[in-house]
Amino acid sequence: MLLKTVFLLVLVAQVLMLDNGLLRTPPMGWLAWERFRCNTNCDEDPKNCISERLFMEMADRLAQDGWRDLGYIYLNIDDCWIGGRDANGRLVPDPKRFPHGIAFLADYAHSLGLKLGIYEDIGNLTCMGYPGTTLDKVVQDAWTFAEWKVDMLKLDACFSTAKERATGYPKMAAALNVTGRPIAFSCSWPAYEGGLPPNVNYTRLAEICNLWRNYDDVQDSWGSVLSILDWFAEHQDVLQPVAGPGHWNDPDMLIIGNFGLSLDQARAQMALWTMLAAPLFMSTDLRTISAQNMDILQNPLMIKINQDPLGIQGRRIRKEKFYIEVFMRPLSNEASALVFFSRRTDMPYHYRCSLSMLNFNRSLTYEAEDVYSGDVITGLREETDFTVIINPSGVVMWYLYPIKNLEMSQ
Ligand code: GLA
């Protein structure tokens, strides 16, 4: 009897927990929403409307322009794909914009070595008013996504109550598990509860979701990027410890390549999101992106840092009254990433610093590689003074490692 109970409890725990082994490092890919929104007007704008053509063209770019090979493998559909439900209650895509269906798109993505993500909402309607996954539809929709061979689900929460969310998210995690298909689960749940304890229980969330949106939607502006960064830094004592392999905070998409950021601001978003161990979901037109923006998003050392196997989220460790901030992220092999960030609006700032000011207290000699320029600064001891020159709303980013270790590993 006791054994039976234990067995049952283990089974229940397994079903309730999202134990899918996915996303040991933050997911990377492309997500339609920020750039393409709910443009359904394919008659006037066939190239940019939410349609299978858009996703296939982005898939081609991901595969052919070096993105996939750097790790950008998710091709994620957002809102406005749904046509309705058929007589059996099964979701169907908009027949005009997705004439070949979602399974076809998934096959196309897979044939290129990519993965397909999809979007639904645990309320009556999605945020843009398409049919939602009400509680009675959770199991059916999970099976539908699995049958279509979808690889990630973003489950939004517009038009839902707190109670429906509290039931619906765990229920979907369990339903996805039962399908047996590994489907990464992206939850918008915390963003709808204010993003902080006691309304959000991050320990529990990490057992249900692979990533979660904590806060507001990113918009195409520097102000939006800053407001998100501010919120994450302000609440880092809560947020930093809950991220790790398989479960990530999601400060929302990268808007690099769009209309709102200068080149320095684009570099800053990339560097700061990397410090936050954030998912790297681009939302830009990969058919027309400039070489400069591509360089930012395809920086191999940046990606290596973002994808560090320890998966430790970084923290803001200094906030100077003259509008300079420093972020630090511990990495494997005793390395760390440092971001010197300027919120100033005057001119490049000469920031004088030392490793001891940044809480390094071991008598080692370090070397730093500037992630954007490639310059190497060597012979840094904790007491060595150095100066970094940081552009207004820009960053200097370092990959820092003890030299001794480098020699040992070579
Ligand atoms: C919400 C989400 C966004 C996007 C839209 C779609 O606002 O937070 O990321 O998915 O809905 O309608």
# chains A, B, ... in the order shown; residues from 1 in each chain; ligands from 1
>>> residues_around(residues="Ala162 in chain A", least_positions_apart="5", cutoff="12 Å", atoms="only C-alpha atoms", output="short mmCIF file (atom, residue, chain, number, x, y, z; two decimals) with all heavy atoms, in the first residue's frame")
data_model
loop_
_atom_site.label_atom_id
_atom_site.label_comp_id
_atom_site.auth_asym_id
_atom_site.auth_seq_id
_atom_site.Cartn_x
_atom_site.Cartn_y
_atom_site.Cartn_z
N ILE A 122 -4.16 31.41 -22.48
CA ILE A 122 -4.95 30.61 -21.55
C ILE A 122 -6.30 31.28 -21.18
O ILE A 122 -7.03 30.80 -20.32
CB ILE A 122 -4.10 30.26 -20.27
CG1 ILE A 122 -4.73 29.13 -19.45
CG2 ILE A 122 -3.85 31.47 -19.41
CD1 ILE A 122 -4.77 27.80 -20.14
N GLY A 123 -6.64 32.36 -21.86
CA GLY A 123 -7.92 33.02 -21.61
C GLY A 123 -8.95 32.68 -22.68
O GLY A 123 -8.76 31.78 -23.50
N ALA A 157 -1.69 35.25 -21.63
CA ALA A 157 -2.74 35.21 -20.61
C ALA A 157 -3.72 36.37 -20.66
O ALA A 157 -4.36 36.72 -19.67
CB ALA A 157 -2.10 35.13 -19.23
N THR A 167 -4.64 27.55 -12.62
CA THR A 167 -4.99 26.19 -13.03
C THR A 167 -4.39 25.87 -14.39
O THR A 167 -3.85 24.79 -14.63
CB THR A 167 -6.53 26.04 -13.14
OG1 THR A 167 -7.10 26.56 -11.94
CG2 THR A 167 -6.94 24.59 -13.31
N GLY A 168 -4.48 26.84 -15.30
CA GLY A 168 -4.18 26.58 -16.70
C GLY A 168 -2.71 26.34 -17.00
O GLY A 168 -2.37 25.45 -17.78
N TYR A 169 -1.81 27.10 -16.38
CA TYR A 169 -0.39 26.92 -16.70
C TYR A 169 0.13 25.55 -16.27
O TYR A 169 0.73 24.83 -17.08
CB TYR A 169 0.46 28.08 -16.16
CG TYR A 169 0.41 29.28 -17.07
CD1 TYR A 169 -0.46 30.34 -16.82
CD2 TYR A 169 1.20 29.35 -18.21
CE1 TYR A 169 -0.54 31.45 -17.67
CE2 TYR A 169 1.14 30.44 -19.08
CZ TYR A 169 0.28 31.49 -18.80
OH TYR A 169 0.21 32.55 -19.65
N TRP A 189 2.68 33.94 -17.59
CA TRP A 189 1.98 33.99 -16.31
C TRP A 189 2.49 35.08 -15.36
O TRP A 189 1.70 35.95 -14.94
CB TRP A 189 2.06 32.59 -15.67
CG TRP A 189 1.25 32.37 -14.44
CD1 TRP A 189 0.31 33.21 -13.89
CD2 TRP A 189 1.30 31.20 -13.61
NE1 TRP A 189 -0.21 32.63 -12.76
CE2 TRP A 189 0.38 31.41 -12.57
CE3 TRP A 189 2.04 30.01 -13.64
CZ2 TRP A 189 0.17 30.47 -11.56
CZ3 TRP A 189 1.83 29.08 -12.64
CH2 TRP A 189 0.91 29.30 -11.61
N PRO A 190 3.81 35.09 -15.00
CA PRO A 190 4.23 36.09 -14.01
C PRO A 190 3.97 37.53 -14.45
O PRO A 190 3.64 38.37 -13.61
CB PRO A 190 5.73 35.84 -13.84
CG PRO A 190 6.12 34.83 -14.86
CD PRO A 190 4.91 34.18 -15.38
N ALA A 191 4.07 37.80 -15.75
CA ALA A 191 3.85 39.17 -16.22
C ALA A 191 2.43 39.65 -15.90
O ALA A 191 2.18 40.84 -15.76
CB ALA A 191 4.13 39.26 -17.71
N TYR A 192 1.52 38.69 -15.80
CA TYR A 192 0.12 39.05 -15.50
C TYR A 192 -0.16 39.13 -14.01
O TYR A 192 -1.26 39.48 -13.60
CB TYR A 192 -0.84 38.07 -16.18
CG TYR A 192 -0.91 38.30 -17.67
CD1 TYR A 192 0.06 37.77 -18.53
CD2 TYR A 192 -1.92 39.08 -18.24
CE1 TYR A 192 0.02 38.00 -19.89
CE2 TYR A 192 -1.97 39.32 -19.60
CZ TYR A 192 -1.00 38.77 -20.42
OH TYR A 192 -1.04 39.01 -21.78
N GLU A 193 0.85 38.78 -13.18
CA GLU A 193 0.67 38.83 -11.72
C GLU A 193 1.59 39.88 -11.10
O GLU A 193 1.88 39.83 -9.91
CB GLU A 193 0.96 37.47 -11.07
CG GLU A 193 0.35 36.25 -11.76
CD GLU A 193 -1.16 36.21 -11.64
OE1 GLU A 193 -1.74 37.00 -10.87
OE2 GLU A 193 -1.77 35.37 -12.34
N GLY A 194 2.12 40.78 -11.91
CA GLY A 194 3.01 41.82 -11.38
C GLY A 194 4.47 41.40 -11.32
O GLY A 194 5.33 42.20 -10.98
N ASN A 199 2.89 37.31 -5.18
CA ASN A 199 1.95 36.88 -6.22
C ASN A 199 2.56 35.86 -7.17
O ASN A 199 1.85 35.07 -7.78
CB ASN A 199 1.47 38.08 -7.03
CG ASN A 199 0.56 38.98 -6.21
OD1 ASN A 199 0.13 38.59 -5.13
ND2 ASN A 199 0.30 40.16 -6.71
N VAL A 200 3.88 35.93 -7.32
CA VAL A 200 4.56 34.97 -8.20
C VAL A 200 5.46 34.08 -7.35
O VAL A 200 6.25 34.59 -6.57
CB VAL A 200 5.41 35.71 -9.26
CG1 VAL A 200 6.13 34.70 -10.16
CG2 VAL A 200 4.56 36.65 -10.09
#
>>> residues_near_ligand(ligand="ligand 1", cutoff="10 Å", atoms="only C-alpha atoms and all ligand atoms", output="JSON, numbers by chain")
{"A": [31, 32, 33, 34, 37, 38, 77, 78, 79, 80, 119, 120, 121, 125, 126, 127, 128, 129, 130, 154, 155, 156, 157, 158, 187, 188, 189, 191, 192, 213, 214, 215, 216, 217, 218, 219, 252, 253]}
>>> write_last_selection(atoms="N, CA and C atoms", output="CSV table (one decimal), in the first residue's frame")
chain,number,residue,atom,x,y,z
A,31,LEU,N,11.3,35.6,-33.4
A,31,LEU,CA,9.9,35.7,-32.9
A,31,LEU,C,9.2,36.8,-33.7
A,32,ALA,N,8.0,36.5,-34.2
A,32,ALA,CA,7.4,37.5,-35.1
A,32,ALA,C,6.9,38.8,-34.5
A,33,TRP,N,6.5,38.7,-33.2
A,33,TRP,CA,5.6,39.8,-32.7
A,33,TRP,C,6.1,41.2,-32.8
A,34,GLU,N,7.3,41.5,-32.2
A,34,GLU,CA,7.6,43.0,-32.0
A,34,GLU,C,7.7,43.7,-33.4
A,37,ARG,N,3.9,42.2,-35.6
A,37,ARG,CA,2.6,42.4,-34.9
A,37,ARG,C,1.5,41.5,-35.4
A,38,CYS,N,0.3,42.2,-35.6
A,38,CYS,CA,-0.9,41.5,-36.1
A,38,CYS,C,-1.2,42.0,-37.5
A,77,ILE,N,6.1,31.5,-34.2
A,77,ILE,CA,4.9,32.2,-34.6
A,77,ILE,C,4.3,32.9,-33.3
A,78,ASP,N,3.8,34.1,-33.4
A,78,ASP,CA,3.1,34.7,-32.3
A,78,ASP,C,1.6,34.8,-32.6
A,79,ASP,N,1.0,35.8,-32.1
A,79,ASP,CA,-0.5,36.0,-32.2
A,79,ASP,C,-0.9,36.1,-33.6
A,80,CYS,N,-2.2,35.9,-33.9
A,80,CYS,CA,-2.9,36.2,-35.1
A,80,CYS,C,-2.7,35.1,-36.2
A,119,TYR,N,2.0,30.1,-30.6
A,119,TYR,CA,1.5,31.0,-29.6
A,119,TYR,C,0.0,30.6,-29.3
A,120,GLU,N,-0.3,30.6,-28.0
A,120,GLU,CA,-1.7,30.5,-27.6
A,120,GLU,C,-1.9,31.3,-26.4
A,121,ASP,N,-3.1,31.3,-25.8
A,121,ASP,CA,-3.4,32.1,-24.7
A,121,ASP,C,-4.4,31.4,-23.8
A,125,LEU,N,-9.7,34.6,-25.1
A,125,LEU,CA,-9.2,35.1,-26.4
A,125,LEU,C,-7.7,35.4,-26.3
A,126,THR,N,-7.0,35.4,-27.4
A,126,THR,CA,-5.6,35.9,-27.3
A,126,THR,C,-5.6,37.4,-27.2
A,127,CYS,N,-4.5,38.0,-27.0
A,127,CYS,CA,-4.4,39.4,-26.8
A,127,CYS,C,-5.0,40.2,-28.0
A,128,MET,N,-4.9,39.6,-29.2
A,128,MET,CA,-5.5,40.3,-30.3
A,128,MET,C,-6.9,39.8,-30.7
A,129,GLY,N,-7.5,39.0,-29.8
A,129,GLY,CA,-8.9,38.6,-30.0
A,129,GLY,C,-9.1,37.3,-30.8
A,130,TYR,N,-8.1,36.5,-30.9
A,130,TYR,CA,-8.3,35.1,-31.6
A,130,TYR,C,-8.7,34.1,-30.5
A,154,LYS,N,4.4,29.4,-26.6
A,154,LYS,CA,4.3,30.6,-25.8
A,154,LYS,C,2.8,30.7,-25.4
A,155,LEU,N,2.6,30.6,-24.1
A,155,LEU,CA,1.2,30.6,-23.7
A,155,LEU,C,1.0,32.0,-23.0
A,156,ASP,N,0.2,32.8,-23.6
A,156,ASP,CA,-0.1,34.2,-23.1
A,156,ASP,C,-1.3,34.1,-22.1
A,157,ALA,N,-1.7,35.3,-21.6
A,157,ALA,CA,-2.7,35.2,-20.6
A,157,ALA,C,-3.7,36.4,-20.7
A,158,CYS,N,-3.9,37.0,-21.8
A,158,CYS,CA,-4.9,38.0,-22.0
A,158,CYS,C,-6.3,37.4,-21.7
A,187,CYS,N,6.0,30.8,-20.6
A,187,CYS,CA,4.8,31.2,-19.9
A,187,CYS,C,4.8,32.7,-19.7
A,188,SER,N,3.7,33.3,-20.0
A,188,SER,CA,3.5,34.8,-19.7
A,188,SER,C,2.9,35.0,-18.3
A,189,TRP,N,2.7,33.9,-17.6
A,189,TRP,CA,2.0,34.0,-16.3
A,189,TRP,C,2.5,35.1,-15.4
A,191,ALA,N,4.1,37.8,-15.7
A,191,ALA,CA,3.9,39.2,-16.2
A,191,ALA,C,2.4,39.6,-15.9
A,192,TYR,N,1.5,38.7,-15.8
A,192,TYR,CA,0.1,39.1,-15.5
A,192,TYR,C,-0.2,39.1,-14.0
A,213,ARG,N,7.9,35.3,-19.2
A,213,ARG,CA,7.9,36.7,-19.3
A,213,ARG,C,7.5,37.3,-17.9
A,214,ASN,N,8.4,38.1,-17.4
A,214,ASN,CA,8.2,38.7,-16.1
A,214,ASN,C,7.5,40.0,-16.1
A,215,TYR,N,7.6,40.7,-17.3
A,215,TYR,CA,7.3,42.2,-17.2
A,215,TYR,C,6.7,42.6,-18.6
A,216,ASP,N,6.7,43.9,-18.8
A,216,ASP,CA,6.0,44.5,-19.9
A,216,ASP,C,6.6,44.1,-21.3
A,217,ASP,N,5.8,44.3,-22.3
A,217,ASP,CA,6.2,44.0,-23.7
A,217,ASP,C,7.3,45.0,-24.1
A,218,VAL,N,8.3,44.6,-24.8
A,218,VAL,CA,9.3,45.5,-25.4
A,218,VAL,C,8.6,46.2,-26.6
A,219,GLN,N,8.9,47.5,-26.7
A,219,GLN,CA,8.5,48.2,-27.9
A,219,GLN,C,9.7,48.7,-28.6
A,252,ASP,N,12.0,39.8,-22.8
A,252,ASP,CA,11.3,40.0,-24.1
A,252,ASP,C,12.3,40.2,-25.2
A,253,MET,N,11.8,40.4,-26.4
A,253,MET,CA,12.6,40.3,-27.6
A,253,MET,C,13.7,41.3,-27.8
>>> residues_around(residues="Arg61 in chain A", least_positions_apart="6", cutoff="9 Å", atoms="only C-alpha atoms", output="mmCIF file with all heavy atoms, in the first residue's frame")
data_model
loop_
_atom_site.group_PDB
_atom_site.id
_atom_site.type_symbol
_atom_site.label_atom_id
_atom_site.label_comp_id
_atom_site.auth_asym_id
_atom_site.auth_seq_id
_atom_site.Cartn_x
_atom_site.Cartn_y
_atom_site.Cartn_z
ATOM 1 N N TRP A 67 22.671 32.274 -39.151
ATOM 2 C CA TRP A 67 21.990 32.341 -37.842
ATOM 3 C C TRP A 67 21.891 30.972 -37.180
ATOM 4 O O TRP A 67 22.274 30.797 -36.024
ATOM 5 C CB TRP A 67 20.574 32.920 -38.004
ATOM 6 C CG TRP A 67 20.521 34.266 -38.634
ATOM 7 C CD1 TRP A 67 20.150 34.551 -39.920
ATOM 8 C CD2 TRP A 67 20.864 35.530 -38.031
ATOM 9 N NE1 TRP A 67 20.236 35.906 -40.144
ATOM 10 C CE2 TRP A 67 20.660 36.527 -39.015
ATOM 11 C CE3 TRP A 67 21.310 35.901 -36.759
ATOM 12 C CZ2 TRP A 67 20.894 37.876 -38.756
ATOM 13 C CZ3 TRP A 67 21.543 37.246 -36.503
ATOM 14 C CH2 TRP A 67 21.332 38.212 -37.486
ATOM 15 N N ARG A 68 21.344 30.022 -37.931
ATOM 16 C CA ARG A 68 21.118 28.689 -37.366
ATOM 17 C C ARG A 68 22.408 28.104 -36.804
ATOM 18 O O ARG A 68 22.421 27.567 -35.700
ATOM 19 C CB ARG A 68 20.562 27.762 -38.458
ATOM 20 C CG ARG A 68 20.389 26.325 -37.991
ATOM 21 C CD ARG A 68 20.254 25.382 -39.173
ATOM 22 N NE ARG A 68 21.451 25.423 -40.012
ATOM 23 C CZ ARG A 68 21.482 25.090 -41.294
ATOM 24 N NH1 ARG A 68 20.386 24.699 -41.906
ATOM 25 N NH2 ARG A 68 22.616 25.146 -41.987
ATOM 26 N N LEU A 286 14.819 39.794 -41.159
ATOM 27 C CA LEU A 286 16.117 39.210 -41.496
ATOM 28 C C LEU A 286 16.416 39.310 -42.998
ATOM 29 O O LEU A 286 17.526 39.046 -43.432
ATOM 30 C CB LEU A 286 16.168 37.742 -41.057
ATOM 31 C CG LEU A 286 16.004 37.490 -39.555
ATOM 32 C CD1 LEU A 286 15.981 35.988 -39.268
ATOM 33 C CD2 LEU A 286 17.116 38.159 -38.752
ATOM 34 N N ARG A 287 15.406 39.708 -43.782
ATOM 35 C CA ARG A 287 15.617 39.843 -45.231
ATOM 36 C C ARG A 287 16.334 41.147 -45.559
ATOM 37 O O ARG A 287 16.940 41.278 -46.623
ATOM 38 C CB ARG A 287 14.264 39.806 -45.964
ATOM 39 C CG ARG A 287 13.536 38.489 -45.788
ATOM 40 C CD ARG A 287 12.074 38.591 -46.200
ATOM 41 N NE ARG A 287 11.335 39.588 -45.426
ATOM 42 C CZ ARG A 287 10.009 39.693 -45.399
ATOM 43 N NH1 ARG A 287 9.264 38.845 -46.101
ATOM 44 N NH2 ARG A 287 9.419 40.622 -44.675
#
>>> closest_residue(among="A:Leu272, A:Val92, A:Val225, A:Ala277", to="Asn249 in chain A", atoms="only C-alpha atoms")
A:Ala277
>>> residues_around(residues="range 71-76 of chain A", least_positions_apart="2", cutoff="8 Å", atoms="only C-alpha atoms", output="CSV table (one decimal) with all heavy atoms, in the first residue's frame")
chain,number,residue,atom,x,y,z
A,27,PRO,N,17.1,29.9,-24.9
A,27,PRO,CA,16.7,29.7,-26.3
A,27,PRO,C,17.1,30.9,-27.2
A,27,PRO,O,17.1,32.0,-26.8
A,27,PRO,CB,15.2,29.5,-26.3
A,27,PRO,CG,14.8,30.3,-25.1
A,27,PRO,CD,15.9,30.1,-24.1
A,28,MET,N,17.5,30.6,-28.5
A,28,MET,CA,17.8,31.6,-29.4
A,28,MET,C,17.0,31.4,-30.7
A,28,MET,O,16.8,30.2,-31.1
A,28,MET,CB,19.3,31.5,-29.8
A,28,MET,CG,20.2,31.7,-28.6
A,28,MET,SD,22.0,31.3,-29.1
A,28,MET,CE,22.3,32.5,-30.4
A,29,GLY,N,16.5,32.5,-31.3
A,29,GLY,CA,15.8,32.3,-32.5
A,29,GLY,C,15.1,33.6,-32.9
A,29,GLY,O,15.6,34.7,-32.6
A,30,TRP,N,14.0,33.5,-33.6
A,30,TRP,CA,13.3,34.6,-34.2
A,30,TRP,C,11.8,34.5,-33.8
A,30,TRP,O,11.2,33.4,-33.8
A,30,TRP,CB,13.4,34.5,-35.7
A,30,TRP,CG,12.9,35.7,-36.4
A,30,TRP,CD1,13.5,36.9,-36.7
A,30,TRP,CD2,11.5,35.8,-36.9
A,30,TRP,NE1,12.6,37.7,-37.4
A,30,TRP,CE2,11.4,37.1,-37.5
A,30,TRP,CE3,10.4,35.0,-36.9
A,30,TRP,CZ2,10.3,37.5,-38.1
A,30,TRP,CZ3,9.2,35.4,-37.5
A,30,TRP,CH2,9.2,36.7,-38.1
A,31,LEU,N,11.3,35.6,-33.4
A,31,LEU,CA,9.9,35.7,-32.9
A,31,LEU,C,9.2,36.8,-33.7
A,31,LEU,O,9.7,37.9,-33.7
A,31,LEU,CB,9.9,35.9,-31.4
A,31,LEU,CG,8.6,35.9,-30.6
A,31,LEU,CD1,7.6,34.8,-30.9
A,31,LEU,CD2,8.8,36.0,-29.2
A,32,ALA,N,8.0,36.5,-34.2
A,32,ALA,CA,7.4,37.5,-35.1
A,32,ALA,C,6.9,38.8,-34.5
A,32,ALA,O,6.9,39.8,-35.1
A,32,ALA,CB,6.2,36.8,-35.8
A,55,PHE,N,7.0,33.2,-42.5
A,55,PHE,CA,7.7,32.3,-41.7
A,55,PHE,C,8.7,31.5,-42.5
A,55,PHE,O,9.8,31.2,-42.1
A,55,PHE,CB,6.8,31.4,-40.8
A,55,PHE,CG,6.1,32.2,-39.8
A,55,PHE,CD1,4.9,32.7,-39.9
A,55,PHE,CD2,6.8,32.6,-38.6
A,55,PHE,CE1,4.3,33.5,-39.0
A,55,PHE,CE2,6.3,33.3,-37.6
A,55,PHE,CZ,5.0,33.8,-37.8
A,58,MET,N,11.6,33.8,-43.4
A,58,MET,CA,12.5,33.9,-42.2
A,58,MET,C,13.3,32.6,-42.0
A,58,MET,O,14.5,32.7,-41.6
A,58,MET,CB,11.8,34.3,-41.0
A,58,MET,CG,11.2,35.7,-41.0
A,58,MET,SD,12.4,37.0,-41.4
A,58,MET,CE,11.4,38.2,-42.1
A,59,ALA,N,12.6,31.5,-42.2
A,59,ALA,CA,13.3,30.2,-42.0
A,59,ALA,C,14.5,30.1,-43.0
A,59,ALA,O,15.6,29.7,-42.6
A,59,ALA,CB,12.4,29.1,-42.3
A,62,LEU,N,17.3,32.3,-41.7
A,62,LEU,CA,17.9,31.7,-40.5
A,62,LEU,C,18.9,30.6,-40.9
A,62,LEU,O,20.0,30.5,-40.4
A,62,LEU,CB,16.9,31.1,-39.6
A,62,LEU,CG,16.0,32.1,-38.7
A,62,LEU,CD1,14.9,31.3,-38.0
A,62,LEU,CD2,16.9,32.8,-37.7
A,67,TRP,N,22.7,32.3,-39.2
A,67,TRP,CA,22.0,32.3,-37.8
A,67,TRP,C,21.9,31.0,-37.2
A,67,TRP,O,22.3,30.8,-36.0
A,67,TRP,CB,20.6,32.9,-38.0
A,67,TRP,CG,20.5,34.3,-38.6
A,67,TRP,CD1,20.2,34.6,-39.9
A,67,TRP,CD2,20.9,35.5,-38.0
A,67,TRP,NE1,20.2,35.9,-40.1
A,67,TRP,CE2,20.7,36.5,-39.0
A,67,TRP,CE3,21.3,35.9,-36.8
A,67,TRP,CZ2,20.9,37.9,-38.8
A,67,TRP,CZ3,21.5,37.2,-36.5
A,67,TRP,CH2,21.3,38.2,-37.5
A,68,ARG,N,21.3,30.0,-37.9
A,68,ARG,CA,21.1,28.7,-37.4
A,68,ARG,C,22.4,28.1,-36.8
A,68,ARG,O,22.4,27.6,-35.7
A,68,ARG,CB,20.6,27.8,-38.5
A,68,ARG,CG,20.4,26.3,-38.0
A,68,ARG,CD,20.3,25.4,-39.2
A,68,ARG,NE,21.5,25.4,-40.0
A,68,ARG,CZ,21.5,25.1,-41.3
A,68,ARG,NH1,20.4,24.7,-41.9
A,68,ARG,NH2,22.6,25.1,-42.0
A,69,ASP,N,23.5,28.3,-37.5
A,69,ASP,CA,24.7,27.6,-37.1
A,69,ASP,C,25.3,28.3,-35.9
A,69,ASP,O,26.2,27.7,-35.2
A,69,ASP,CB,25.7,27.6,-38.3
A,69,ASP,CG,25.2,26.9,-39.5
A,69,ASP,OD1,24.2,26.0,-39.3
A,69,ASP,OD2,25.6,27.1,-40.6
A,78,ASP,N,3.8,34.1,-33.4
A,78,ASP,CA,3.1,34.7,-32.3
A,78,ASP,C,1.6,34.8,-32.6
A,78,ASP,O,1.1,33.9,-33.2
A,78,ASP,CB,3.8,36.1,-32.0
A,78,ASP,CG,3.7,36.5,-30.5
A,78,ASP,OD1,2.6,37.1,-30.1
A,78,ASP,OD2,4.6,36.2,-29.7
A,109,ALA,N,10.5,23.9,-41.3
A,109,ALA,CA,11.5,24.3,-40.3
A,109,ALA,C,12.5,23.2,-40.0
A,109,ALA,O,13.7,23.4,-40.1
A,109,ALA,CB,10.8,24.8,-39.0
A,113,GLY,N,16.8,22.3,-40.3
A,113,GLY,CA,17.5,22.2,-39.0
A,113,GLY,C,17.0,23.2,-38.0
A,113,GLY,O,17.7,23.6,-37.1
A,114,LEU,N,15.8,23.7,-38.2
A,114,LEU,CA,15.2,24.7,-37.2
A,114,LEU,C,14.1,24.1,-36.4
A,114,LEU,O,13.7,22.9,-36.7
A,114,LEU,CB,14.6,25.9,-38.0
A,114,LEU,CG,15.6,26.6,-39.0
A,114,LEU,CD1,14.8,27.6,-39.9
A,114,LEU,CD2,16.7,27.4,-38.2
A,115,LYS,N,13.6,24.8,-35.4
A,115,LYS,CA,12.5,24.4,-34.6
A,115,LYS,C,11.3,25.4,-34.7
A,115,LYS,O,11.6,26.6,-34.9
A,115,LYS,CB,12.9,24.2,-33.2
A,115,LYS,CG,13.9,23.0,-33.0
A,115,LYS,CD,14.3,22.9,-31.5
A,115,LYS,CE,15.3,21.8,-31.3
A,115,LYS,NZ,14.8,20.4,-31.7
A,116,LEU,N,10.1,24.9,-34.6
A,116,LEU,CA,9.0,25.8,-34.8
A,116,LEU,C,8.3,26.1,-33.4
A,116,LEU,O,8.0,25.1,-32.7
A,116,LEU,CB,7.9,25.2,-35.8
A,116,LEU,CG,6.8,26.2,-36.1
A,116,LEU,CD1,7.3,27.3,-37.1
A,116,LEU,CD2,5.6,25.5,-36.7
A,117,GLY,N,8.0,27.3,-33.2
A,117,GLY,CA,7.3,27.7,-32.0
A,117,GLY,C,5.9,28.3,-32.3
A,117,GLY,O,5.8,28.8,-33.4
A,118,ILE,N,5.0,28.1,-31.4
A,118,ILE,CA,3.6,28.6,-31.7
A,118,ILE,C,3.1,29.4,-30.5
A,118,ILE,O,3.7,29.3,-29.4
A,118,ILE,CB,2.7,27.5,-32.1
A,118,ILE,CG1,1.6,28.0,-33.0
A,118,ILE,CG2,2.2,26.7,-30.9
A,118,ILE,CD1,0.9,27.0,-33.8
A,119,TYR,N,2.0,30.1,-30.6
A,119,TYR,CA,1.5,31.0,-29.6
A,119,TYR,C,0.0,30.6,-29.3
A,119,TYR,O,-0.8,30.4,-30.2
A,119,TYR,CB,1.6,32.4,-30.1
A,119,TYR,CG,0.8,33.5,-29.3
A,119,TYR,CD1,1.5,34.3,-28.4
A,119,TYR,CD2,-0.5,33.7,-29.6
A,119,TYR,CE1,0.8,35.3,-27.7
A,119,TYR,CE2,-1.2,34.6,-28.9
A,119,TYR,CZ,-0.6,35.4,-28.0
A,119,TYR,OH,-1.2,36.4,-27.3
A,152,MET,N,7.9,24.5,-29.5
A,152,MET,CA,7.8,25.5,-28.4
A,152,MET,C,6.4,26.1,-28.3
A,152,MET,O,5.8,26.3,-29.4
A,152,MET,CB,8.9,26.6,-28.5
A,152,MET,CG,8.9,27.5,-27.2
A,152,MET,SD,10.0,28.9,-27.3
A,152,MET,CE,11.6,28.2,-27.4
A,280,LEU,N,17.5,34.8,-26.5
A,280,LEU,CA,17.8,35.8,-27.6
A,280,LEU,C,16.8,35.5,-28.7
A,280,LEU,O,17.1,34.8,-29.7
A,280,LEU,CB,19.3,35.6,-28.1
A,280,LEU,CG,20.3,35.8,-27.0
A,280,LEU,CD1,21.7,35.6,-27.6
A,280,LEU,CD2,20.3,37.2,-26.4
>>> atom_distance(atom1="CA of Arg97 in chain A", atom2="CA of Gly257 in chain A")
25.4 Å
>>> atom_distance(atom1="CA of Ser336 in chain A", atom2="CA of Gln240 in chain A")
15.6 Å
>>> closest_residue(among="A:Ile255, A:Met270, A:Val326, A:Ile50", to="Ala233 in chain A", atoms="only C-alpha atoms")
A:Val326
>>> closest_residue(among="A:Glu383, A:Tyr372, A:Phe259, A:Gly83", to="Pro300 in chain A", atoms="only C-alpha atoms")
A:Tyr372
>>> closest_residue(among="A:Gly223, A:Gly180, A:Gly314, A:Gly89", to="Val242 in chain A", atoms="only C-alpha atoms")
A:Gly314
>>> closest_residue(among="A:Tyr108, A:Trp222, A:Phe341, A:Phe145", to="Arg53 in chain A", atoms="only C-alpha atoms")
A:Tyr108
>>> atom_distance(atom1="CA of Leu112 in chain A", atom2="CA of Glu57 in chain A")
11.8 Å
>>> closest_residue(among="A:Leu364, A:Leu338, A:Ala184, A:Ile317", to="Met275 in chain A", atoms="only C-alpha atoms")
A:Leu338
>>> residues_around(residues="Gln140 in chain A", least_positions_apart="2", cutoff="12 Å", atoms="only C-alpha atoms", output="list in words")
Arg85, Asn88, Gly89, Arg90, Leu91, Thr133, Thr134, Leu135, Asp136, Lys137, Val138, Ala142, Trp143, Thr144, Phe145, Ala146, Glu147, Lys171, Met172, Ala175, Leu176, Val178 and Thr179 of chain A
>>> decode(residues="range 289-300 of chain A", atoms="C-alpha atoms", output="PDB file, in the first residue's frame")
ATOM      1  CA  ILE A 289      18.862  43.646 -41.748  1.00  0.00           C
ATOM      2  CA  SER A 290      22.058  45.716 -42.083  1.00  0.00           C
ATOM      3  CA  ALA A 291      25.530  44.216 -41.846  1.00  0.00           C
ATOM      4  CA  GLN A 292      26.220  46.259 -38.701  1.00  0.00           C
ATOM      5  CA  ASN A 293      23.199  44.922 -36.872  1.00  0.00           C
ATOM      6  CA  MET A 294      23.977  41.430 -38.079  1.00  0.00           C
ATOM      7  CA  ASP A 295      27.464  41.757 -36.598  1.00  0.00           C
ATOM      8  CA  ILE A 296      25.966  42.601 -33.228  1.00  0.00           C
ATOM      9  CA  LEU A 297      23.579  39.660 -33.242  1.00  0.00           C
ATOM     10  CA  GLN A 298      26.127  37.238 -34.661  1.00  0.00           C
ATOM     11  CA  ASN A 299      29.050  38.118 -32.383  1.00  0.00           C
ATOM     12  CA  PRO A 300      30.452  34.677 -31.518  1.00  0.00           C
TER      13      PRO A 300
END
